[in-house]
Amino acid sequence: IKLETDTDEDYFLGFNRAYGVNSDNKQADNLVTLIKAGSNGLSYSQSWLLATLDQGQSYKFRKWKGMRRRDLIITVNAIDVTKSNPGYADVTLKYIRSSKKKNNPKPKPAPSPTASSPSISAPSAPSRENPEGRNPDSPRMPRYT
């Protein structure tokens with residue numbers, strides 16, 4: 001199956017059945033393959049194996065064909081190589097609406113302090129007993145001059 005992208009690079013979905021002349025496959029035996037190829041699939045070009053999918057697995061194209069909120073999902077529903085010869089793969093291609101991600105999600109609120117949490121007090125105003133205005137419970141830092 002050719003998945004047309006309206007560009008020079010397209011995707012091809014196939015079933016790599018390990019049977020007959022393909023019985024000596026070294027990779028992706030009896031799996032669905034997803035291949036990306038150039039030249040619009042019309043002549044020789046470099047190709048890349050993007051995925052090998054087994055029964056129950058899926059592959060997602062985000063923003064299929066540049067559509068901002070539309071993804072294309074390829075799902076392998078079943079592969080049968082026992083009941084029929086040479087076998088088959090049942091595959092579904094489905095558009096889904098992408099979830100909209102917010103650029104600036106609201107931060108989660110901080111948890112409420114518990115009784116075991118340390119408390120922090122604001123500095124005291126300077127007085128005759130405390131000319132520096134330090135919290136008397138705070139540890140004193142040495143001064144270097």
# chains A, B, ... in the order shown; residues from 1 in each chain; ligands from 1

call {"tool": "residues_around", "arguments": {"residues": "Leu34 in chain A", "least_positions_apart": "2", "cutoff": "6 Å", "atoms": "only C-alpha atoms", "output": "ChimeraX atom specification"}}
result
/A:12-13,50-51

call {"tool": "select_by_dssp", "arguments": {"residues": "range 17-93 of chain A", "states": "helix (DSSP H, G or I)", "output": "list in words"}}
result
Gly20, Val21, Asn22, Ser39, Asn40, Gly41, Trp64, Lys65 and Gly66 of chain A

call {"tool": "residues_around", "arguments": {"residues": "Leu49 in chain A", "least_positions_apart": "5", "cutoff": "8 Å", "atoms": "only C-alpha atoms", "output": "compact mmCIF listing (two decimals) with N, CA, C and O atoms, in the first residue's frame"}}
result
# COMPACT_ATOMS: atom_id res chain seq x y z
N THR A 33 5.71 -4.27 7.32
CA THR A 33 6.84 -3.34 7.22
C THR A 33 6.36 -1.97 6.76
O THR A 33 5.43 -1.86 5.96
N LEU A 34 6.99 -0.95 7.29
CA LEU A 34 6.74 0.42 6.87
C LEU A 34 8.05 0.97 6.33
O LEU A 34 9.06 1.01 7.05
N ILE A 35 8.03 1.36 5.06
CA ILE A 35 9.24 1.80 4.37
C ILE A 35 9.03 3.20 3.83
O ILE A 35 7.96 3.52 3.30
N LYS A 36 10.05 4.02 3.97
CA LYS A 36 10.04 5.38 3.40
C LYS A 36 10.95 5.37 2.19
O LYS A 36 12.08 4.86 2.26

call {"tool": "residues_around", "arguments": {"residues": "Arg69 in chain A", "least_positions_apart": "4", "cutoff": "7 Å", "atoms": "only C-alpha atoms", "output": "JSON, numbers by chain"}}
result
{"A": [63, 97, 98]}

call {"tool": "closest_residue", "arguments": {"among": "A:Arg70, A:Asn40, A:Asp90, A:Gly56", "to": "Phe15 in chain A", "atoms": "only C-alpha atoms"}}
result
A:Asp90

call {"tool": "residues_around", "arguments": {"residues": "Tyr88 in chain A", "least_positions_apart": "5", "cutoff": "10 Å", "atoms": "only C-alpha atoms", "output": "compact mmCIF listing (two decimals) with all heavy atoms, in the first residue's frame"}}
result
# COMPACT_ATOMS: atom_id res chain seq x y z
N PHE A 15 3.45 -6.58 3.72
CA PHE A 15 3.48 -7.76 4.59
C PHE A 15 4.63 -8.63 4.11
O PHE A 15 4.62 -9.13 2.99
CB PHE A 15 2.14 -8.51 4.52
CG PHE A 15 2.11 -9.74 5.37
CD1 PHE A 15 2.54 -9.73 6.69
CD2 PHE A 15 1.64 -10.94 4.85
CE1 PHE A 15 2.50 -10.87 7.48
CE2 PHE A 15 1.59 -12.08 5.62
CZ PHE A 15 2.03 -12.05 6.93
N ASN A 16 5.62 -8.80 4.93
CA ASN A 16 6.84 -9.52 4.58
C ASN A 16 6.70 -11.00 4.94
O ASN A 16 7.32 -11.50 5.86
CB ASN A 16 8.04 -8.89 5.30
CG ASN A 16 9.35 -9.31 4.71
OD1 ASN A 16 9.47 -9.47 3.51
ND2 ASN A 16 10.36 -9.46 5.55
N ARG A 17 5.87 -11.70 4.19
CA ARG A 17 5.59 -13.11 4.45
C ARG A 17 6.81 -13.96 4.14
O ARG A 17 7.34 -13.92 3.03
CB ARG A 17 4.39 -13.56 3.61
CG ARG A 17 4.06 -15.03 3.70
CD ARG A 17 3.52 -15.37 5.09
NE ARG A 17 2.93 -16.70 5.06
CZ ARG A 17 3.48 -17.75 5.68
NH1 ARG A 17 4.58 -17.61 6.37
NH2 ARG A 17 2.89 -18.93 5.61
N ASN A 30 7.34 -12.44 8.49
CA ASN A 30 5.92 -12.47 8.82
C ASN A 30 5.47 -11.25 9.62
O ASN A 30 4.61 -11.35 10.49
CB ASN A 30 5.57 -13.77 9.58
CG ASN A 30 5.89 -14.99 8.75
OD1 ASN A 30 5.66 -15.00 7.54
ND2 ASN A 30 6.43 -16.00 9.38
N LEU A 31 6.05 -10.10 9.31
CA LEU A 31 5.67 -8.85 9.97
C LEU A 31 5.25 -7.83 8.92
O LEU A 31 5.62 -7.93 7.74
CB LEU A 31 6.84 -8.29 10.78
CG LEU A 31 7.34 -9.14 11.94
CD1 LEU A 31 8.57 -8.50 12.56
CD2 LEU A 31 6.25 -9.34 12.98
N VAL A 32 4.50 -6.84 9.34
CA VAL A 32 4.14 -5.72 8.48
C VAL A 32 5.31 -4.75 8.50
O VAL A 32 5.87 -4.46 9.55
CB VAL A 32 2.85 -5.05 8.98
CG1 VAL A 32 2.56 -3.77 8.19
CG2 VAL A 32 1.67 -6.02 8.85
N ALA A 78 -4.25 -8.22 13.08
CA ALA A 78 -4.00 -9.66 13.11
C ALA A 78 -3.03 -10.04 12.01
O ALA A 78 -2.98 -9.39 10.96
CB ALA A 78 -5.31 -10.42 12.93
N ILE A 79 -2.26 -11.08 12.27
CA ILE A 79 -1.41 -11.71 11.27
C ILE A 79 -1.70 -13.19 11.33
O ILE A 79 -1.66 -13.79 12.40
CB ILE A 79 0.09 -11.44 11.54
CG1 ILE A 79 0.40 -9.95 11.34
CG2 ILE A 79 0.96 -12.30 10.63
CD1 ILE A 79 1.83 -9.57 11.65
N ASP A 80 -2.02 -13.78 10.18
CA ASP A 80 -2.33 -15.21 10.14
C ASP A 80 -1.46 -15.87 9.09
O ASP A 80 -1.56 -15.56 7.91
CB ASP A 80 -3.80 -15.42 9.81
CG ASP A 80 -4.21 -16.88 9.90
OD1 ASP A 80 -3.32 -17.76 10.03
OD2 ASP A 80 -5.41 -17.16 9.85
N VAL A 81 -0.57 -16.76 9.55
CA VAL A 81 0.28 -17.50 8.63
C VAL A 81 0.04 -19.00 8.74
O VAL A 81 0.75 -19.79 8.14
CB VAL A 81 1.79 -17.20 8.87
CG1 VAL A 81 2.08 -15.75 8.54
CG2 VAL A 81 2.19 -17.52 10.29
N THR A 82 -0.99 -19.38 9.53
CA THR A 82 -1.24 -20.81 9.74
C THR A 82 -2.44 -21.34 8.96
O THR A 82 -2.41 -22.44 8.45
CB THR A 82 -1.46 -21.10 11.24
OG1 THR A 82 -2.58 -20.34 11.69
CG2 THR A 82 -0.24 -20.74 12.05
N LYS A 83 -3.51 -20.56 8.89
CA LYS A 83 -4.75 -21.05 8.28
C LYS A 83 -4.82 -20.84 6.78
O LYS A 83 -5.57 -21.50 6.09
CB LYS A 83 -5.96 -20.38 8.93
CG LYS A 83 -6.11 -20.75 10.39
CD LYS A 83 -7.30 -20.06 11.00
CE LYS A 83 -7.36 -20.35 12.48
NZ LYS A 83 -8.35 -19.53 13.14

call {"tool": "residues_around", "arguments": {"residues": "Asp29 in chain A", "least_positions_apart": "5", "cutoff": "10 Å", "atoms": "only C-alpha atoms", "output": "count of residues only"}}
result
10

call {"tool": "residues_around", "arguments": {"residues": "Val91 in chain A", "least_positions_apart": "6", "cutoff": "6 Å", "atoms": "only C-alpha atoms", "output": "count of residues only"}}
result
3

call {"tool": "closest_residue", "arguments": {"among": "A:Gly66, A:Ser58, A:Val21, A:Ser43", "to": "Thr7 in chain A", "atoms": "only C-alpha atoms"}}
result
A:Gly66

call {"tool": "atom_distance", "arguments": {"atom1": "CA of Gly14 in chain A", "atom2": "CA of Gln46 in chain A"}}
result
17.1 Å

call {"tool": "select_by_dssp", "arguments": {"residues": "range 28-108 of chain A", "states": "strand (DSSP E)", "output": "number ranges by chain"}}
result
A: 31-37, 47-53, 58-61, 70-80, 88-97

call {"tool": "write_last_selection", "arguments": {"atoms": "N, CA, C and O atoms", "output": "compact mmCIF listing (two decimals), in the first residue's frame"}}
result
# COMPACT_ATOMS: atom_id res chain seq x y z
N LEU A 31 6.05 -10.10 9.31
CA LEU A 31 5.67 -8.85 9.97
C LEU A 31 5.25 -7.83 8.92
O LEU A 31 5.62 -7.93 7.74
N VAL A 32 4.50 -6.84 9.34
CA VAL A 32 4.14 -5.72 8.48
C VAL A 32 5.31 -4.75 8.50
O VAL A 32 5.87 -4.46 9.55
N THR A 33 5.71 -4.27 7.32
CA THR A 33 6.84 -3.34 7.22
C THR A 33 6.36 -1.97 6.76
O THR A 33 5.43 -1.86 5.96
N LEU A 34 6.99 -0.95 7.29
CA LEU A 34 6.74 0.42 6.87
C LEU A 34 8.05 0.97 6.33
O LEU A 34 9.06 1.01 7.05
N ILE A 35 8.03 1.36 5.06
CA ILE A 35 9.24 1.80 4.37
C ILE A 35 9.03 3.20 3.83
O ILE A 35 7.96 3.52 3.30
N LYS A 36 10.05 4.02 3.97
CA LYS A 36 10.04 5.38 3.40
C LYS A 36 10.95 5.37 2.19
O LYS A 36 12.08 4.86 2.26
N ALA A 37 10.48 5.91 1.07
CA ALA A 37 11.27 5.91 -0.17
C ALA A 37 11.10 7.23 -0.90
O ALA A 37 10.07 7.88 -0.80
N SER A 47 15.85 3.95 0.21
CA SER A 47 14.67 3.67 1.03
C SER A 47 15.13 3.33 2.44
O SER A 47 16.28 2.93 2.66
N TRP A 48 14.23 3.52 3.40
CA TRP A 48 14.54 3.29 4.80
C TRP A 48 13.43 2.46 5.43
O TRP A 48 12.25 2.76 5.26
N LEU A 49 13.81 1.43 6.15
CA LEU A 49 12.85 0.64 6.92
C LEU A 49 12.58 1.40 8.21
O LEU A 49 13.45 1.54 9.07
N LEU A 50 11.37 1.93 8.35
CA LEU A 50 11.02 2.73 9.52
C LEU A 50 10.50 1.89 10.67
O LEU A 50 10.74 2.20 11.83
N ALA A 51 9.74 0.84 10.34
CA ALA A 51 9.14 0.04 11.41
C ALA A 51 8.82 -1.35 10.91
O ALA A 51 8.53 -1.55 9.73
N THR A 52 8.87 -2.30 11.83
CA THR A 52 8.34 -3.64 11.61
C THR A 52 7.29 -3.84 12.69
O THR A 52 7.58 -3.67 13.87
N LEU A 53 6.08 -4.15 12.27
CA LEU A 53 4.96 -4.22 13.21
C LEU A 53 4.40 -5.63 13.29
O LEU A 53 4.12 -6.26 12.27
N SER A 58 1.23 -0.67 16.74
CA SER A 58 0.81 0.49 15.94
C SER A 58 1.99 1.40 15.66
O SER A 58 3.00 1.36 16.35
N TYR A 59 1.80 2.23 14.64
CA TYR A 59 2.77 3.27 14.29
C TYR A 59 1.98 4.55 14.08
O TYR A 59 0.95 4.55 13.42
N LYS A 60 2.47 5.66 14.65
CA LYS A 60 1.76 6.93 14.54
C LYS A 60 2.58 7.95 13.78
O LYS A 60 3.73 8.19 14.08
N PHE A 61 1.94 8.54 12.75
CA PHE A 61 2.49 9.70 12.06
C PHE A 61 1.84 10.92 12.68
O PHE A 61 0.63 11.11 12.55
N ARG A 70 -4.04 16.47 13.08
CA ARG A 70 -4.51 15.20 12.54
C ARG A 70 -3.34 14.23 12.47
O ARG A 70 -2.34 14.50 11.83
N ASP A 71 -3.46 13.11 13.16
CA ASP A 71 -2.45 12.05 13.13
C ASP A 71 -2.98 10.87 12.34
O ASP A 71 -4.19 10.66 12.26
N LEU A 72 -2.07 10.10 11.75
CA LEU A 72 -2.43 8.87 11.05
C LEU A 72 -1.87 7.71 11.86
O LEU A 72 -0.68 7.68 12.15
N ILE A 73 -2.74 6.79 12.24
CA ILE A 73 -2.34 5.62 13.02
C ILE A 73 -2.47 4.38 12.15
O ILE A 73 -3.52 4.14 11.55
N ILE A 74 -1.40 3.60 12.09
CA ILE A 74 -1.40 2.31 11.40
C ILE A 74 -1.38 1.25 12.50
O ILE A 74 -0.47 1.23 13.32
N THR A 75 -2.38 0.37 12.50
CA THR A 75 -2.47 -0.67 13.51
C THR A 75 -2.57 -2.03 12.83
O THR A 75 -3.37 -2.22 11.92
N VAL A 76 -1.75 -2.97 13.31
CA VAL A 76 -1.81 -4.34 12.81
C VAL A 76 -2.76 -5.09 13.75
O VAL A 76 -2.44 -5.35 14.90
N ASN A 77 -3.94 -5.42 13.23
CA ASN A 77 -4.95 -6.10 14.03
C ASN A 77 -4.66 -7.59 14.17
O ASN A 77 -4.85 -8.15 15.25
N ALA A 78 -4.25 -8.22 13.08
CA ALA A 78 -4.00 -9.66 13.11
C ALA A 78 -3.03 -10.04 12.01
O ALA A 78 -2.98 -9.39 10.96
N ILE A 79 -2.26 -11.08 12.27
CA ILE A 79 -1.41 -11.71 11.27
C ILE A 79 -1.70 -13.19 11.33
O ILE A 79 -1.66 -13.79 12.40
N ASP A 80 -2.02 -13.78 10.18
CA ASP A 80 -2.33 -15.21 10.14
C ASP A 80 -1.46 -15.87 9.09
O ASP A 80 -1.56 -15.56 7.91
N TYR A 88 -1.76 -13.68 5.66
CA TYR A 88 -2.23 -12.30 5.47
C TYR A 88 -2.05 -11.50 6.75
O TYR A 88 -1.87 -12.05 7.84
N ALA A 89 -2.11 -10.20 6.59
CA ALA A 89 -2.08 -9.26 7.72
C ALA A 89 -3.31 -8.36 7.61
O ALA A 89 -3.59 -7.81 6.54
N ASP A 90 -4.03 -8.23 8.69
CA ASP A 90 -5.20 -7.34 8.77
C ASP A 90 -4.72 -6.04 9.40
O ASP A 90 -4.31 -6.02 10.57
N VAL A 91 -4.76 -4.95 8.63
CA VAL A 91 -4.21 -3.67 9.06
C VAL A 91 -5.27 -2.59 8.94
O VAL A 91 -6.05 -2.57 7.98
N THR A 92 -5.30 -1.68 9.90
CA THR A 92 -6.22 -0.54 9.88
C THR A 92 -5.41 0.74 9.81
O THR A 92 -4.44 0.91 10.54
N LEU A 93 -5.83 1.66 8.93
CA LEU A 93 -5.27 3.00 8.87
C LEU A 93 -6.38 3.95 9.30
O LEU A 93 -7.49 3.89 8.76
N LYS A 94 -6.08 4.80 10.27
CA LYS A 94 -7.12 5.65 10.83
C LYS A 94 -6.56 7.02 11.17
O LYS A 94 -5.47 7.14 11.72
N TYR A 95 -7.33 8.06 10.81
CA TYR A 95 -7.01 9.42 11.24
C TYR A 95 -7.57 9.63 12.63
O TYR A 95 -8.69 9.22 12.92
N ILE A 96 -6.78 10.27 13.48
CA ILE A 96 -7.30 10.69 14.78
C ILE A 96 -6.94 12.15 15.00
O ILE A 96 -5.97 12.65 14.43
N ARG A 97 -7.72 12.79 15.79
CA ARG A 97 -7.45 14.18 16.13
C ARG A 97 -6.35 14.20 17.18
O ARG A 97 -6.43 13.53 18.20

call {"tool": "atom_distance", "arguments": {"atom1": "CA of Glu9 in chain A", "atom2": "CA of Gly41 in chain A"}}
result
7.5 Å

call {"tool": "atom_distance", "arguments": {"atom1": "CA of Met67 in chain A", "atom2": "CA of Glu4 in chain A"}}
result
14.0 Å

call {"tool": "decode", "arguments": {"residues": "range 47-76 of chain A", "atoms": "N, CA, C and O atoms", "output": "short mmCIF file (atom, residue, chain, number, x, y, z; two decimals), in the first residue's frame"}}
result
data_model
loop_
_atom_site.label_atom_id
_atom_site.label_comp_id
_atom_site.auth_asym_id
_atom_site.auth_seq_id
_atom_site.Cartn_x
_atom_site.Cartn_y
_atom_site.Cartn_z
N SER A 47 15.85 3.95 0.21
CA SER A 47 14.67 3.67 1.03
C SER A 47 15.13 3.33 2.44
O SER A 47 16.28 2.93 2.66
N TRP A 48 14.23 3.52 3.40
CA TRP A 48 14.54 3.29 4.80
C TRP A 48 13.43 2.46 5.43
O TRP A 48 12.25 2.76 5.26
N LEU A 49 13.81 1.43 6.15
CA LEU A 49 12.85 0.64 6.92
C LEU A 49 12.58 1.40 8.21
O LEU A 49 13.45 1.54 9.07
N LEU A 50 11.37 1.93 8.35
CA LEU A 50 11.02 2.73 9.52
C LEU A 50 10.50 1.89 10.67
O LEU A 50 10.74 2.20 11.83
N ALA A 51 9.74 0.84 10.34
CA ALA A 51 9.14 0.04 11.41
C ALA A 51 8.82 -1.35 10.91
O ALA A 51 8.53 -1.55 9.73
N THR A 52 8.87 -2.30 11.83
CA THR A 52 8.34 -3.64 11.61
C THR A 52 7.29 -3.84 12.69
O THR A 52 7.58 -3.67 13.87
N LEU A 53 6.08 -4.15 12.27
CA LEU A 53 4.96 -4.22 13.21
C LEU A 53 4.40 -5.63 13.29
O LEU A 53 4.12 -6.26 12.27
N ASP A 54 4.22 -6.09 14.50
CA ASP A 54 3.60 -7.39 14.75
C ASP A 54 2.14 -7.17 15.13
O ASP A 54 1.71 -6.04 15.37
N GLN A 55 1.42 -8.23 15.23
CA GLN A 55 0.02 -8.19 15.63
C GLN A 55 -0.12 -7.40 16.95
O GLN A 55 0.62 -7.61 17.89
N GLY A 56 -1.05 -6.44 16.96
CA GLY A 56 -1.30 -5.63 18.16
C GLY A 56 -0.45 -4.38 18.25
O GLY A 56 -0.65 -3.57 19.15
N GLN A 57 0.49 -4.18 17.34
CA GLN A 57 1.34 -3.00 17.39
C GLN A 57 0.83 -1.91 16.43
O GLN A 57 0.14 -2.20 15.47
N SER A 58 1.23 -0.67 16.74
CA SER A 58 0.81 0.49 15.94
C SER A 58 1.99 1.40 15.66
O SER A 58 3.00 1.36 16.35
N TYR A 59 1.80 2.23 14.64
CA TYR A 59 2.77 3.27 14.29
C TYR A 59 1.98 4.55 14.08
O TYR A 59 0.95 4.55 13.42
N LYS A 60 2.47 5.66 14.65
CA LYS A 60 1.76 6.93 14.54
C LYS A 60 2.58 7.95 13.78
O LYS A 60 3.73 8.19 14.08
N PHE A 61 1.94 8.54 12.75
CA PHE A 61 2.49 9.70 12.06
C PHE A 61 1.84 10.92 12.68
O PHE A 61 0.63 11.11 12.55
N ARG A 62 2.61 11.75 13.33
CA ARG A 62 2.07 12.99 13.89
C ARG A 62 1.94 14.03 12.76
O ARG A 62 2.80 14.11 11.89
N LYS A 63 0.88 14.78 12.81
CA LYS A 63 0.63 15.85 11.84
C LYS A 63 0.75 15.33 10.41
O LYS A 63 1.50 15.86 9.59
N TRP A 64 0.02 14.28 10.11
CA TRP A 64 0.07 13.65 8.78
C TRP A 64 -0.16 14.67 7.69
O TRP A 64 -1.12 15.45 7.73
N LYS A 65 0.70 14.70 6.72
CA LYS A 65 0.65 15.60 5.55
C LYS A 65 0.53 17.06 5.98
O LYS A 65 -0.14 17.85 5.33
N GLY A 66 1.15 17.40 7.11
CA GLY A 66 1.17 18.79 7.56
C GLY A 66 -0.09 19.25 8.26
O GLY A 66 -0.20 20.42 8.61
N MET A 67 -1.05 18.35 8.45
CA MET A 67 -2.27 18.75 9.14
C MET A 67 -1.97 18.91 10.63
O MET A 67 -1.54 17.96 11.28
N ARG A 68 -2.17 20.11 11.13
CA ARG A 68 -1.76 20.44 12.50
C ARG A 68 -2.32 19.51 13.55
O ARG A 68 -1.63 19.15 14.48
N ARG A 69 -3.56 19.17 13.47
CA ARG A 69 -4.17 18.40 14.55
C ARG A 69 -4.71 17.07 14.06
O ARG A 69 -5.72 16.58 14.56
N ARG A 70 -4.04 16.47 13.08
CA ARG A 70 -4.51 15.20 12.54
C ARG A 70 -3.34 14.23 12.47
O ARG A 70 -2.34 14.50 11.83
N ASP A 71 -3.46 13.11 13.16
CA ASP A 71 -2.45 12.05 13.13
C ASP A 71 -2.98 10.87 12.34
O ASP A 71 -4.19 10.66 12.26
N LEU A 72 -2.07 10.10 11.75
CA LEU A 72 -2.43 8.87 11.05
C LEU A 72 -1.87 7.71 11.86
O LEU A 72 -0.68 7.68 12.15
N ILE A 73 -2.74 6.79 12.24
CA ILE A 73 -2.34 5.62 13.02
C ILE A 73 -2.47 4.38 12.15
O ILE A 73 -3.52 4.14 11.55
N ILE A 74 -1.40 3.60 12.09
CA ILE A 74 -1.40 2.31 11.40
C ILE A 74 -1.38 1.25 12.50
O ILE A 74 -0.47 1.23 13.32
N THR A 75 -2.38 0.37 12.50
CA THR A 75 -2.47 -0.67 13.51
C THR A 75 -2.57 -2.03 12.83
O THR A 75 -3.37 -2.22 11.92
N VAL A 76 -1.75 -2.97 13.31
CA VAL A 76 -1.81 -4.34 12.81
C VAL A 76 -2.76 -5.09 13.75
O VAL A 76 -2.44 -5.35 14.90
#
